[in-house]
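Below: the structure, in structure tokens.
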Amino acid sequence: MSQKNQTLGEFIIENQSSFKYTSGELSRLINSIRLAAKVVNHEVNKAGLVDIIGTVGDTNIQGEDQQKLDVFANETFIKTMTKRNIVCGIASEEEDDFISINSQDENHQNKYVVLIDPLDGSSNIDVNVSVGTIFSIYRRVTPIGTPVTLEDFLQKGSQQVAAGYIIYGTSTMLVYTTGHGVNGFTLNPAIGTFYLSHPDMIFPESGKIYSVNEGNYIHFPQGIKDYIKYCQMEEGDRPYTSRYIGSLVSDFHRNMIKGGIYMYPKSSQNSNGKLRLLYECNPMAFLAEQAKGKASDGFKRIMDIEPTELHQRVPFICGSKNMVETAEEFMELAQKKATSF
Ligand code: AHM
Ligand code: MG
């Protein structure tokens with residue numbers, strides 16, 4: 001039985017048997033993500049010292065070049081997983097193509113691929129606002145022992161075996177699911193240990209927060225405009241509160257705890273929105289559903305979308321179930337009105 005204050009390490013061992021393919025490989029993989037998260041956390045926390053310890057492009061006291069944090073996070077996660085020989089392939093939002101690991105080694109038996117957004121919301125770093133790492137894990141579909149192919153990465157979100165995020169916030173948390181609910185662990189920075197602080201996280205069925213970049217309002221589809229007006233209307237428990245950090249992990253995390261909806265719709269400028277299906281939307285959708293919330297592109301379930309390319313973008317609406325369903329109703333109604341002319 002999981003209990004508060006259990007360490008993440010203890011939790012992983014205890015829950016390993018509840019995973020249907022128990023070989024320990026997935027546990028080792030989550031352990032390596034935990035390790036990389038601590039390294040990135042340490043670096044993110046130093047970001048405010050940038051003017052004191054040097055800026056990007058400078059050489060630090062050890063003779064190392066200062067790196068942009070998103071580049072550092074990307075390298076740290078990739079290196080940690082590659083060196084520990086824990087996955088057969090990695091795709092990252094920061095890389096053009098996927099990386100095949102140990103494809104020359106015939107004894108290479110690893111069966112998982114990881115897709116990662118190493119530092120999401122990185123435009124927020126300079127202003128001391130929370131950023132996050134998002135990860136998504138699948139079993140490969142091509143034969144074990146052969147080099148991975150694009151097919152191993154272009155799987156529907158419903159095929160995910162695990163997903164999660166790390167939020168580098170006022171405290172650093174790792175939140176993940178292996179398909180048995182969502183659990184959140186808070187880092188005690190003094191001793192570098194994650195403790196179970198948020199067992200069985202659940203989205204309230206309805207909420208009072210809507211999160212969207214309203215500066216783009218004029219470019220949004222009619223259904224989204226109508227839903228935003230509905231959120232602002234004085235009726236029943238409305239108007240809702242508007243909260244938008246501009247850091248998906250942070251907006252999602254707050255909404256899951258308090259109840260709310262996050263939207264990044266398509267617009268007249270970006271026909272598929274901004275967020276990436278494989279690195280951002282699918283993992284957040286898996287977490288949302290495991291926490292009894294919902295994730296949609298406005299018309300259909302995010303995790304049912306058949307991916308066609310690694311860096312594909314999709315409109316994203318995610319959060320408390322009732323709120324997402326109401327937004328979908330507005331989208332459908334607007335579409336019906338538009339086609340009835
Ligand atoms: P990024 O992957 O380039 O960091 O972009 C993703 C981020 C999300 O975290 C956030 O919700 C969104 O972009 C904010 O975009 P905008 O500034 O257009 O509202
Ligand atoms: Mg991102």
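Going through the structure tokens in order, the chains are called A, B, and so on, while each chain numbers its residues from 1 and the ligands are numbered from 1 in the order shown.
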
* **Selection within 12 Å of ligand 2 by only C-alpha atoms and all ligand atoms, output as a PyMOL selection string** => chain A and resi 70+74+92-94+115-124+131-135+165+246-249+274-281+283-284+311+313

* Using backbone DSSP assignments, extract all alpha helix (DSSP H) residues from range 83-278 of chain A; output them as a ChimeraX atom specification. => /A:83,150-153,222-232,248-258

* Asked: Got a sec to tell me which of range 219-320 of chain A DSSP assigns to strand (DSSP E), as a list in words?
  ->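 Selection result, strand (DSSP E) within range 219-320 of chain A: Thr241, Ser242, Gly260, Ile261, Tyr262, Met263, Tyr264, Lys294, Ala295, Ser296, Phe316, Ile317, Cys318 and Gly319 of chain A.
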
Selection export as a short mmCIF file (atom, residue, chain, number, x, y, z; two decimals), in the first residue's frame, atoms kept: all heavy atoms:
data_model
loop_
_atom_site.label_atom_id
_atom_site.label_comp_id
_atom_site.auth_asym_id
_atom_site.auth_seq_id
_atom_site.Cartn_x
_atom_site.Cartn_y
_atom_site.Cartn_z
N THR A 241 -12.52 32.05 -13.01
CA THR A 241 -11.28 32.83 -12.88
C THR A 241 -10.34 32.50 -14.03
O THR A 241 -10.22 31.33 -14.41
CB THR A 241 -10.59 32.43 -11.55
OG1 THR A 241 -11.47 32.80 -10.50
CG2 THR A 241 -9.27 33.15 -11.36
N SER A 242 -9.67 33.51 -14.56
CA SER A 242 -8.69 33.27 -15.62
C SER A 242 -7.29 33.19 -15.00
O SER A 242 -6.89 34.09 -14.25
CB SER A 242 -8.76 34.44 -16.61
OG SER A 242 -7.63 34.45 -17.42
N GLY A 260 -10.04 22.87 -13.26
CA GLY A 260 -9.94 23.89 -14.30
C GLY A 260 -9.73 23.29 -15.68
O GLY A 260 -9.65 22.07 -15.84
N ILE A 261 -9.65 24.18 -16.66
CA ILE A 261 -9.46 23.75 -18.04
C ILE A 261 -8.32 24.54 -18.66
O ILE A 261 -8.18 25.75 -18.43
CB ILE A 261 -10.78 23.94 -18.84
CG1 ILE A 261 -10.64 23.40 -20.27
CG2 ILE A 261 -11.25 25.41 -18.87
CD1 ILE A 261 -11.98 23.32 -21.02
N TYR A 262 -7.47 23.83 -19.44
CA TYR A 262 -6.38 24.46 -20.18
C TYR A 262 -6.70 24.34 -21.67
O TYR A 262 -7.13 23.27 -22.13
CB TYR A 262 -5.06 23.74 -19.87
CG TYR A 262 -3.91 24.20 -20.75
CD1 TYR A 262 -3.04 25.20 -20.33
CD2 TYR A 262 -3.72 23.65 -22.03
CE1 TYR A 262 -2.01 25.63 -21.15
CE2 TYR A 262 -2.70 24.09 -22.85
CZ TYR A 262 -1.84 25.08 -22.41
OH TYR A 262 -0.83 25.52 -23.22
N MET A 263 -6.49 25.42 -22.42
CA MET A 263 -6.78 25.35 -23.86
C MET A 263 -5.64 25.95 -24.66
O MET A 263 -5.19 27.06 -24.35
CB MET A 263 -8.06 26.13 -24.18
CG MET A 263 -9.30 25.57 -23.51
SD MET A 263 -10.77 26.52 -23.89
CE MET A 263 -10.62 27.87 -22.75
N TYR A 264 -5.16 25.23 -25.67
CA TYR A 264 -4.32 25.84 -26.70
C TYR A 264 -4.96 25.47 -28.03
O TYR A 264 -4.61 24.47 -28.65
CB TYR A 264 -2.85 25.41 -26.62
CG TYR A 264 -1.98 26.56 -27.15
CD1 TYR A 264 -1.22 27.34 -26.30
CD2 TYR A 264 -2.03 26.91 -28.50
CE1 TYR A 264 -0.51 28.43 -26.77
CE2 TYR A 264 -1.33 28.01 -28.98
CZ TYR A 264 -0.58 28.75 -28.12
OH TYR A 264 0.11 29.85 -28.60
N LYS A 294 -10.07 14.92 -18.63
CA LYS A 294 -10.29 14.63 -20.04
C LYS A 294 -9.36 15.47 -20.90
O LYS A 294 -8.98 16.58 -20.52
CB LYS A 294 -11.75 14.98 -20.36
CG LYS A 294 -12.30 14.21 -21.52
CD LYS A 294 -13.80 14.35 -21.65
CE LYS A 294 -14.14 13.76 -23.03
NZ LYS A 294 -15.52 13.60 -23.27
N ALA A 295 -9.01 14.94 -22.10
CA ALA A 295 -8.18 15.72 -23.04
C ALA A 295 -8.69 15.51 -24.45
O ALA A 295 -8.91 14.37 -24.88
CB ALA A 295 -6.72 15.29 -22.94
N SER A 296 -8.88 16.61 -25.16
CA SER A 296 -9.53 16.56 -26.46
C SER A 296 -8.88 17.57 -27.40
O SER A 296 -8.21 18.51 -26.96
CB SER A 296 -11.01 16.91 -26.21
OG SER A 296 -11.63 17.40 -27.36
N PHE A 316 -5.33 21.60 -28.31
CA PHE A 316 -5.33 20.85 -27.05
C PHE A 316 -6.27 21.50 -26.03
O PHE A 316 -6.12 22.69 -25.72
CB PHE A 316 -3.89 20.82 -26.52
CG PHE A 316 -3.68 19.90 -25.35
CD1 PHE A 316 -4.04 18.56 -25.42
CD2 PHE A 316 -3.10 20.36 -24.17
CE1 PHE A 316 -3.83 17.70 -24.36
CE2 PHE A 316 -2.87 19.52 -23.10
CZ PHE A 316 -3.23 18.18 -23.19
N ILE A 317 -7.22 20.72 -25.56
CA ILE A 317 -8.14 21.18 -24.51
C ILE A 317 -8.13 20.10 -23.44
O ILE A 317 -8.42 18.94 -23.72
CB ILE A 317 -9.58 21.37 -25.08
CG1 ILE A 317 -9.55 22.37 -26.23
CG2 ILE A 317 -10.53 21.81 -23.98
CD1 ILE A 317 -10.90 22.61 -26.88
N CYS A 318 -7.82 20.47 -22.22
CA CYS A 318 -7.53 19.44 -21.23
C CYS A 318 -7.88 19.92 -19.83
O CYS A 318 -7.65 21.07 -19.49
CB CYS A 318 -6.04 19.14 -21.32
SG CYS A 318 -5.44 17.98 -20.14
N GLY A 319 -8.46 19.04 -19.03
CA GLY A 319 -8.72 19.42 -17.64
C GLY A 319 -9.90 18.69 -17.05
O GLY A 319 -10.18 17.53 -17.39
#

* Skipping near chain neighbours, those fewer than 3 positions away, what residues fall within 10 Å of range 37-41 of chain A using only C-alpha atoms, listed as a PyMOL selection string? -> chain A and resi 31-34+44-46+69-70+72-77+80+118-119+132-133+165-169+171-174+187+189+192-194

Selected residues, N, CA, C and O atoms, written as a short mmCIF file (atom, residue, chain, number, x, y, z; two decimals), in the first residue's frame, please.
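Written output follows (selection02.cif):
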data_model
loop_
_atom_site.label_atom_id
_atom_site.label_comp_id
_atom_site.auth_asym_id
_atom_site.auth_seq_id
_atom_site.Cartn_x
_atom_site.Cartn_y
_atom_site.Cartn_z
N ASN A 31 13.48 5.38 -12.69
CA ASN A 31 14.58 5.76 -11.80
C ASN A 31 15.59 6.66 -12.50
O ASN A 31 16.12 7.60 -11.90
N SER A 32 15.86 6.39 -13.77
CA SER A 32 16.85 7.22 -14.47
C SER A 32 16.27 8.59 -14.77
O SER A 32 16.99 9.59 -14.75
N ILE A 33 14.96 8.67 -15.00
CA ILE A 33 14.31 9.98 -15.19
C ILE A 33 14.38 10.77 -13.88
O ILE A 33 14.67 11.96 -13.86
N ARG A 34 14.16 10.08 -12.78
CA ARG A 34 14.25 10.72 -11.45
C ARG A 34 15.65 11.31 -11.24
O ARG A 34 15.80 12.44 -10.77
N VAL A 44 18.40 24.44 -12.98
CA VAL A 44 17.30 25.42 -13.12
C VAL A 44 17.32 26.37 -11.93
O VAL A 44 17.13 27.58 -12.07
N ASN A 45 17.59 25.84 -10.75
CA ASN A 45 17.61 26.68 -9.55
C ASN A 45 18.72 27.72 -9.55
O ASN A 45 18.64 28.71 -8.85
N LYS A 46 19.74 27.46 -10.36
CA LYS A 46 20.85 28.41 -10.45
C LYS A 46 20.59 29.51 -11.47
O LYS A 46 21.38 30.44 -11.60
N LEU A 69 19.60 26.53 -20.76
CA LEU A 69 19.04 25.48 -19.90
C LEU A 69 18.27 24.41 -20.68
O LEU A 69 18.28 23.25 -20.29
N ASP A 70 17.60 24.83 -21.76
CA ASP A 70 16.87 23.79 -22.50
C ASP A 70 17.82 22.81 -23.18
O ASP A 70 17.54 21.61 -23.25
N PHE A 72 20.82 22.11 -21.99
CA PHE A 72 21.37 21.34 -20.87
C PHE A 72 20.40 20.22 -20.47
O PHE A 72 20.80 19.06 -20.29
N ALA A 73 19.12 20.58 -20.35
CA ALA A 73 18.11 19.58 -19.94
C ALA A 73 18.02 18.47 -20.97
O ALA A 73 17.99 17.27 -20.64
N ASN A 74 18.04 18.84 -22.24
CA ASN A 74 17.95 17.85 -23.31
C ASN A 74 19.13 16.87 -23.21
O ASN A 74 18.94 15.65 -23.20
N GLU A 75 20.32 17.41 -23.08
CA GLU A 75 21.52 16.56 -23.02
C GLU A 75 21.52 15.69 -21.77
O GLU A 75 21.90 14.53 -21.80
N THR A 76 21.07 16.27 -20.67
CA THR A 76 21.08 15.51 -19.41
C THR A 76 20.14 14.30 -19.47
O THR A 76 20.52 13.17 -19.11
N PHE A 77 18.91 14.52 -19.94
CA PHE A 77 17.97 13.39 -20.01
C PHE A 77 18.46 12.34 -21.01
O PHE A 77 18.43 11.14 -20.73
N THR A 80 21.60 10.51 -19.61
CA THR A 80 21.29 9.62 -18.47
C THR A 80 20.65 8.32 -18.96
O THR A 80 21.03 7.23 -18.54
N PRO A 118 12.24 18.20 -22.91
CA PRO A 118 13.16 18.32 -21.77
C PRO A 118 12.92 19.54 -20.88
O PRO A 118 13.08 19.47 -19.68
N LEU A 119 12.54 20.68 -21.49
CA LEU A 119 12.27 21.87 -20.67
C LEU A 119 11.16 22.68 -21.33
O LEU A 119 11.42 23.54 -22.18
N GLY A 132 8.91 23.00 -16.82
CA GLY A 132 8.74 21.57 -16.55
C GLY A 132 9.38 20.68 -17.59
O GLY A 132 9.77 21.13 -18.67
N THR A 133 9.49 19.40 -17.26
CA THR A 133 9.90 18.36 -18.20
C THR A 133 8.70 17.44 -18.37
O THR A 133 8.02 17.13 -17.40
N TYR A 165 5.45 14.24 -15.61
CA TYR A 165 6.16 15.52 -15.73
C TYR A 165 6.93 15.81 -14.46
O TYR A 165 6.63 15.25 -13.39
N ILE A 166 7.91 16.69 -14.63
CA ILE A 166 8.61 17.24 -13.46
C ILE A 166 8.32 18.73 -13.50
O ILE A 166 8.41 19.35 -14.57
N ILE A 167 7.90 19.29 -12.39
CA ILE A 167 7.66 20.73 -12.34
C ILE A 167 8.74 21.34 -11.46
O ILE A 167 8.94 20.91 -10.32
N TYR A 168 9.49 22.28 -12.05
CA TYR A 168 10.54 22.97 -11.30
C TYR A 168 9.90 24.26 -10.79
O TYR A 168 9.93 25.28 -11.48
N GLY A 169 9.27 24.18 -9.65
CA GLY A 169 8.47 25.29 -9.15
C GLY A 169 8.95 25.75 -7.79
O GLY A 169 10.13 25.62 -7.46
N SER A 171 8.38 24.34 -5.19
CA SER A 171 9.11 23.13 -4.86
C SER A 171 9.11 22.28 -6.13
O SER A 171 8.29 22.49 -7.01
N THR A 172 10.03 21.35 -6.20
CA THR A 172 10.13 20.53 -7.41
C THR A 172 9.36 19.23 -7.20
O THR A 172 9.52 18.58 -6.17
N MET A 173 8.52 18.91 -8.16
CA MET A 173 7.72 17.69 -8.03
C MET A 173 7.87 16.81 -9.26
O MET A 173 8.03 17.31 -10.37
N LEU A 174 7.75 15.51 -9.04
CA LEU A 174 7.68 14.56 -10.14
C LEU A 174 6.30 13.91 -10.02
O LEU A 174 5.94 13.38 -8.97
N LEU A 187 10.30 16.90 -4.09
CA LEU A 187 11.73 16.77 -3.80
C LEU A 187 12.09 17.51 -2.52
O LEU A 187 11.77 18.69 -2.37
N PRO A 189 15.03 19.11 -1.25
CA PRO A 189 16.31 19.45 -1.86
C PRO A 189 17.50 19.27 -0.92
O PRO A 189 18.62 19.08 -1.37
N GLY A 192 17.97 15.53 -1.41
CA GLY A 192 17.86 15.04 -2.79
C GLY A 192 16.94 13.83 -2.94
O GLY A 192 17.17 12.96 -3.77
N THR A 193 15.88 13.76 -2.12
CA THR A 193 14.96 12.62 -2.19
C THR A 193 13.55 13.09 -2.50
O THR A 193 13.08 14.07 -1.94
N PHE A 194 12.88 12.37 -3.43
CA PHE A 194 11.48 12.65 -3.72
C PHE A 194 10.60 11.86 -2.75
O PHE A 194 10.80 10.65 -2.59
#

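Closest approach to Met331 in chain A from the set A:Ile228, A:Val175, A:Ile144, A:Ile245 is made by A:Ile228, with distances taken over only C-alpha atoms.
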
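Between CA of Lys208 in chain A and CA of Asp237 in chain A lies a distance of 7.6 Å.
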
* **All residues 12 Å or closer to range 196-205 of chain A, only C-alpha atoms, same chain fewer than 3 positions away omitted, as a ChimeraX atom specification** => /A:1-12,171-177,179-188,193,208-209,252-261,287-295,318-326

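Of the residues under consideration (A:Asp97, A:Glu214, A:Asp152, A:Asp226), A:Glu214 shows the shortest atom-to-atom contact distance to ligand 1 when counting only C-alpha atoms and all ligand atoms.
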